[in-house]
Amino acid sequence: MPGGPGPPTICPVFHVRIASPPDVTGRLVETLAADPGVLNLVVLRGAARRPDGDTVQFDLRTGSANPVFRQLRNLELDGRGAVMVETVDASLNGTERPAAGRRRYLGEVAPVWEMVEAGIRSGGVYAPSFFALLIIAGLIACVGILTNSQILVVAAMVVGPEYNAIIAVALGLERHRAVPVRRGLAALLCGFAMAIAASVLFGIAIRWSGHTPQAYLLGVRPVAALIDRPNLFSVIVAVLAGLVGVVSLTESRASALIGVFISVTTIPAAAALGLSLAYQDWTSAAGSAEQLLLNVVLLIVVGVVALRLQRVIWRSRGG
């Protein structure tokens, strides 16, 4: 229809709603109006309740998100008011402007750090299901090791939620925040301890029942050999997986993050440790413990370095 709206434009923006204290609203509106990435700015005086104040709404181009969010923090709105952010995937503006207001470097778009950190913090919640999934993943890995099934070991890697805690610890270290570091390390310690204990009990039960696969008893363990013998390649894979994990989070690439889960030998190492203890194979137990510790430490260290490096690179590019 002539004069009607054009087709949806795939131009992601953020829709921001703020409950602003009345004494801050004037400075807030001036700040927002001066940024070309702020669109559709609406101010409703006295409209906000709990907390009481003014309501300010606007759309924000992703390229302007980092500086605008920094300015909101400088106004201390996160302490006195309320700031809500929604992602809008498309708009009916009839104008193709996919790159408008976006800071790019060699085709890459600057991460929106507030959203990246919010996503990591949301994953750093250690409810009972976090520990239950670690235990279940460990038991799946036990079956995979006993039966030499690589498919089951990979399945255990995907089920395990430990990377959420690992990257939360890395973010806490990178931002010098002690609380998420303590909580994340405690969750990892308790979670892996529970997974190892469950694996020990499972191994003892299988051994007592006489259902241990003959190949495992004879030492034919190709899957376990990849887990309980850490080497140079274990270091290389852990470092690469850590880099991919950070990039996938900052660039919102979920498919790449799944690849990280499949690459990291944490849950399989915990399961191998538990089975080795159950079958009194002390050499394999020591190797599995070393593999587990190696992967967790490297993922945290690489996460800290990669997060800091990305911030430095994008700040130098104005992102």
# chains A, B, ... in the order shown; residues from 1 in each chain; ligands from 1
>>> residues_around(residues="Ala270 in chain A", least_positions_apart="3", cutoff="12 Å", atoms="only C-alpha atoms", output="VMD selection string")
chain A and resid 134 to 142 145 153 156 to 157 160 162 188 to 189 191 to 200 224 227 to 228 264 to 267 273 to 277 284 to 296
>>> select_by_dssp(residues="range 1-245 of chain A", states="strand (DSSP E)", output="PDB file with N, CA and C atoms, in the first residue's frame")
ATOM      1  N   VAL A  13      18.041  -3.029  18.132  1.00  0.00           N
ATOM      2  CA  VAL A  13      18.199  -1.897  19.035  1.00  0.00           C
ATOM      3  C   VAL A  13      17.790  -2.357  20.431  1.00  0.00           C
ATOM      4  N   PHE A  14      18.071  -1.525  21.428  1.00  0.00           N
ATOM      5  CA  PHE A  14      17.618  -1.785  22.786  1.00  0.00           C
ATOM      6  C   PHE A  14      16.510  -0.801  23.119  1.00  0.00           C
ATOM      7  N   HIS A  15      15.488  -1.297  23.800  1.00  0.00           N
ATOM      8  CA  HIS A  15      14.460  -0.412  24.346  1.00  0.00           C
ATOM      9  C   HIS A  15      14.714  -0.298  25.838  1.00  0.00           C
ATOM     10  N   VAL A  16      14.904   0.930  26.315  1.00  0.00           N
ATOM     11  CA  VAL A  16      15.304   1.171  27.698  1.00  0.00           C
ATOM     12  C   VAL A  16      14.199   1.925  28.416  1.00  0.00           C
ATOM     13  N   ARG A  17      13.847   1.438  29.604  1.00  0.00           N
ATOM     14  CA  ARG A  17      12.872   2.108  30.476  1.00  0.00           C
ATOM     15  C   ARG A  17      13.561   2.454  31.794  1.00  0.00           C
ATOM     16  N   ILE A  18      13.410   3.703  32.204  1.00  0.00           N
ATOM     17  CA  ILE A  18      14.088   4.171  33.415  1.00  0.00           C
ATOM     18  C   ILE A  18      13.075   4.812  34.351  1.00  0.00           C
ATOM     19  N   ALA A  19      13.097   4.407  35.624  1.00  0.00           N
ATOM     20  CA  ALA A  19      12.394   5.135  36.677  1.00  0.00           C
ATOM     21  C   ALA A  19      13.420   6.071  37.303  1.00  0.00           C
ATOM     22  N   SER A  20      13.296   7.358  36.989  1.00  0.00           N
ATOM     23  CA  SER A  20      14.333   8.330  37.346  1.00  0.00           C
ATOM     24  C   SER A  20      13.895   9.210  38.509  1.00  0.00           C
ATOM     25  N   VAL A  38      20.436   7.680  20.458  1.00  0.00           N
ATOM     26  CA  VAL A  38      19.195   7.614  21.232  1.00  0.00           C
ATOM     27  C   VAL A  38      18.037   8.060  20.355  1.00  0.00           C
ATOM     28  N   LEU A  39      17.020   7.209  20.250  1.00  0.00           N
ATOM     29  CA  LEU A  39      15.867   7.475  19.394  1.00  0.00           C
ATOM     30  C   LEU A  39      14.582   7.402  20.214  1.00  0.00           C
ATOM     31  N   ASN A  40      13.530   8.070  19.730  1.00  0.00           N
ATOM     32  CA  ASN A  40      12.177   7.942  20.293  1.00  0.00           C
ATOM     33  C   ASN A  40      12.174   8.197  21.809  1.00  0.00           C
ATOM     34  N   LEU A  41      12.802   9.285  22.207  1.00  0.00           N
ATOM     35  CA  LEU A  41      12.910   9.623  23.628  1.00  0.00           C
ATOM     36  C   LEU A  41      11.571  10.156  24.144  1.00  0.00           C
ATOM     37  N   VAL A  42      11.079   9.533  25.219  1.00  0.00           N
ATOM     38  CA  VAL A  42       9.802   9.918  25.828  1.00  0.00           C
ATOM     39  C   VAL A  42      10.034  10.164  27.314  1.00  0.00           C
ATOM     40  N   VAL A  43       9.494  11.302  27.826  1.00  0.00           N
ATOM     41  CA  VAL A  43       9.625  11.653  29.243  1.00  0.00           C
ATOM     42  C   VAL A  43       8.230  11.839  29.827  1.00  0.00           C
ATOM     43  N   LEU A  44       7.933  11.090  30.903  1.00  0.00           N
ATOM     44  CA  LEU A  44       6.634  11.185  31.582  1.00  0.00           C
ATOM     45  C   LEU A  44       6.898  11.577  33.032  1.00  0.00           C
ATOM     46  N   ARG A  45       6.593  12.823  33.360  1.00  0.00           N
ATOM     47  CA  ARG A  45       6.877  13.342  34.701  1.00  0.00           C
ATOM     48  C   ARG A  45       5.918  12.716  35.723  1.00  0.00           C
ATOM     49  N   GLY A  46       6.491  12.211  36.809  1.00  0.00           N
ATOM     50  CA  GLY A  46       5.693  11.684  37.910  1.00  0.00           C
ATOM     51  C   GLY A  46       4.946  10.407  37.613  1.00  0.00           C
ATOM     52  N   ALA A  47       5.295   9.709  36.541  1.00  0.00           N
ATOM     53  CA  ALA A  47       4.534   8.518  36.148  1.00  0.00           C
ATOM     54  C   ALA A  47       5.022   7.232  36.803  1.00  0.00           C
ATOM     55  N   ALA A  48       6.209   7.227  37.363  1.00  0.00           N
ATOM     56  CA  ALA A  48       6.787   5.988  37.895  1.00  0.00           C
ATOM     57  C   ALA A  48       6.344   5.748  39.343  1.00  0.00           C
ATOM     58  N   GLY A  53       8.902   8.413  40.879  1.00  0.00           N
ATOM     59  CA  GLY A  53       9.725   9.347  40.111  1.00  0.00           C
ATOM     60  C   GLY A  53       9.184   9.532  38.719  1.00  0.00           C
ATOM     61  N   ASP A  54      10.050   9.896  37.810  1.00  0.00           N
ATOM     62  CA  ASP A  54       9.678  10.122  36.418  1.00  0.00           C
ATOM     63  C   ASP A  54       9.997   8.871  35.595  1.00  0.00           C
ATOM     64  N   THR A  55       9.277   8.716  34.512  1.00  0.00           N
ATOM     65  CA  THR A  55       9.532   7.614  33.589  1.00  0.00           C
ATOM     66  C   THR A  55      10.188   8.165  32.329  1.00  0.00           C
ATOM     67  N   VAL A  56      11.305   7.576  31.957  1.00  0.00           N
ATOM     68  CA  VAL A  56      12.018   7.955  30.736  1.00  0.00           C
ATOM     69  C   VAL A  56      12.179   6.696  29.892  1.00  0.00           C
ATOM     70  N   GLN A  57      11.734   6.769  28.637  1.00  0.00           N
ATOM     71  CA  GLN A  57      11.839   5.636  27.724  1.00  0.00           C
ATOM     72  C   GLN A  57      12.517   6.080  26.437  1.00  0.00           C
ATOM     73  N   PHE A  58      13.302   5.184  25.859  1.00  0.00           N
ATOM     74  CA  PHE A  58      13.939   5.506  24.585  1.00  0.00           C
ATOM     75  C   PHE A  58      14.451   4.234  23.936  1.00  0.00           C
ATOM     76  N   ASP A  59      14.690   4.331  22.638  1.00  0.00           N
ATOM     77  CA  ASP A  59      15.339   3.255  21.899  1.00  0.00           C
ATOM     78  C   ASP A  59      16.803   3.620  21.722  1.00  0.00           C
ATOM     79  N   LEU A  60      17.646   2.612  21.725  1.00  0.00           N
ATOM     80  CA  LEU A  60      19.086   2.851  21.730  1.00  0.00           C
ATOM     81  C   LEU A  60      19.767   1.953  20.707  1.00  0.00           C
ATOM     82  N   ARG A  61      20.460   2.575  19.757  1.00  0.00           N
ATOM     83  CA  ARG A  61      21.229   1.798  18.784  1.00  0.00           C
ATOM     84  C   ARG A  61      22.380   1.097  19.502  1.00  0.00           C
ATOM     85  N   ALA A  82      15.605   2.773  38.609  1.00  0.00           N
ATOM     86  CA  ALA A  82      15.526   1.429  38.034  1.00  0.00           C
ATOM     87  C   ALA A  82      15.735   1.547  36.541  1.00  0.00           C
ATOM     88  N   VAL A  83      16.567   0.679  35.991  1.00  0.00           N
ATOM     89  CA  VAL A  83      16.867   0.691  34.565  1.00  0.00           C
ATOM     90  C   VAL A  83      16.566  -0.696  34.007  1.00  0.00           C
ATOM     91  N   MET A  84      15.666  -0.754  33.039  1.00  0.00           N
ATOM     92  CA  MET A  84      15.294  -2.012  32.395  1.00  0.00           C
ATOM     93  C   MET A  84      15.657  -1.931  30.912  1.00  0.00           C
ATOM     94  N   VAL A  85      16.235  -3.016  30.388  1.00  0.00           N
ATOM     95  CA  VAL A  85      16.687  -3.036  28.997  1.00  0.00           C
ATOM     96  C   VAL A  85      16.088  -4.243  28.295  1.00  0.00           C
ATOM     97  N   GLU A  86      15.482  -4.013  27.135  1.00  0.00           N
ATOM     98  CA  GLU A  86      14.941  -5.081  26.296  1.00  0.00           C
ATOM     99  C   GLU A  86      15.609  -5.020  24.924  1.00  0.00           C
ATOM    100  N   THR A  87      15.769  -6.169  24.299  1.00  0.00           N
ATOM    101  CA  THR A  87      16.330  -6.224  22.951  1.00  0.00           C
ATOM    102  C   THR A  87      15.203  -6.262  21.929  1.00  0.00           C
ATOM    103  N   VAL A  88      15.263  -5.364  20.970  1.00  0.00           N
ATOM    104  CA  VAL A  88      14.295  -5.326  19.875  1.00  0.00           C
ATOM    105  C   VAL A  88      15.010  -5.790  18.617  1.00  0.00           C
ATOM    106  N   ARG A 104      32.077  -0.594  14.281  1.00  0.00           N
ATOM    107  CA  ARG A 104      32.577  -1.830  13.705  1.00  0.00           C
ATOM    108  C   ARG A 104      34.083  -1.741  13.504  1.00  0.00           C
ATOM    109  N   TYR A 105      34.697  -2.922  13.512  1.00  0.00           N
ATOM    110  CA  TYR A 105      36.111  -3.018  13.176  1.00  0.00           C
ATOM    111  C   TYR A 105      36.303  -4.320  12.435  1.00  0.00           C
ATOM    112  N   GLU A 108      33.420  -6.708  12.674  1.00  0.00           N
ATOM    113  CA  GLU A 108      32.940  -7.076  13.999  1.00  0.00           C
ATOM    114  C   GLU A 108      32.271  -5.871  14.661  1.00  0.00           C
ATOM    115  N   VAL A 109      31.242  -6.149  15.469  1.00  0.00           N
ATOM    116  CA  VAL A 109      30.510  -5.105  16.171  1.00  0.00           C
ATOM    117  C   VAL A 109      30.939  -5.098  17.637  1.00  0.00           C
TER     118      VAL A 109
END
>>> atom_distance(atom1="CA of Leu146 in chain A", atom2="CA of Val223 in chain A")
8.7 Å
>>> atom_distance(atom1="CA of Gly124 in chain A", atom2="CA of Asn164 in chain A")
5.8 Å
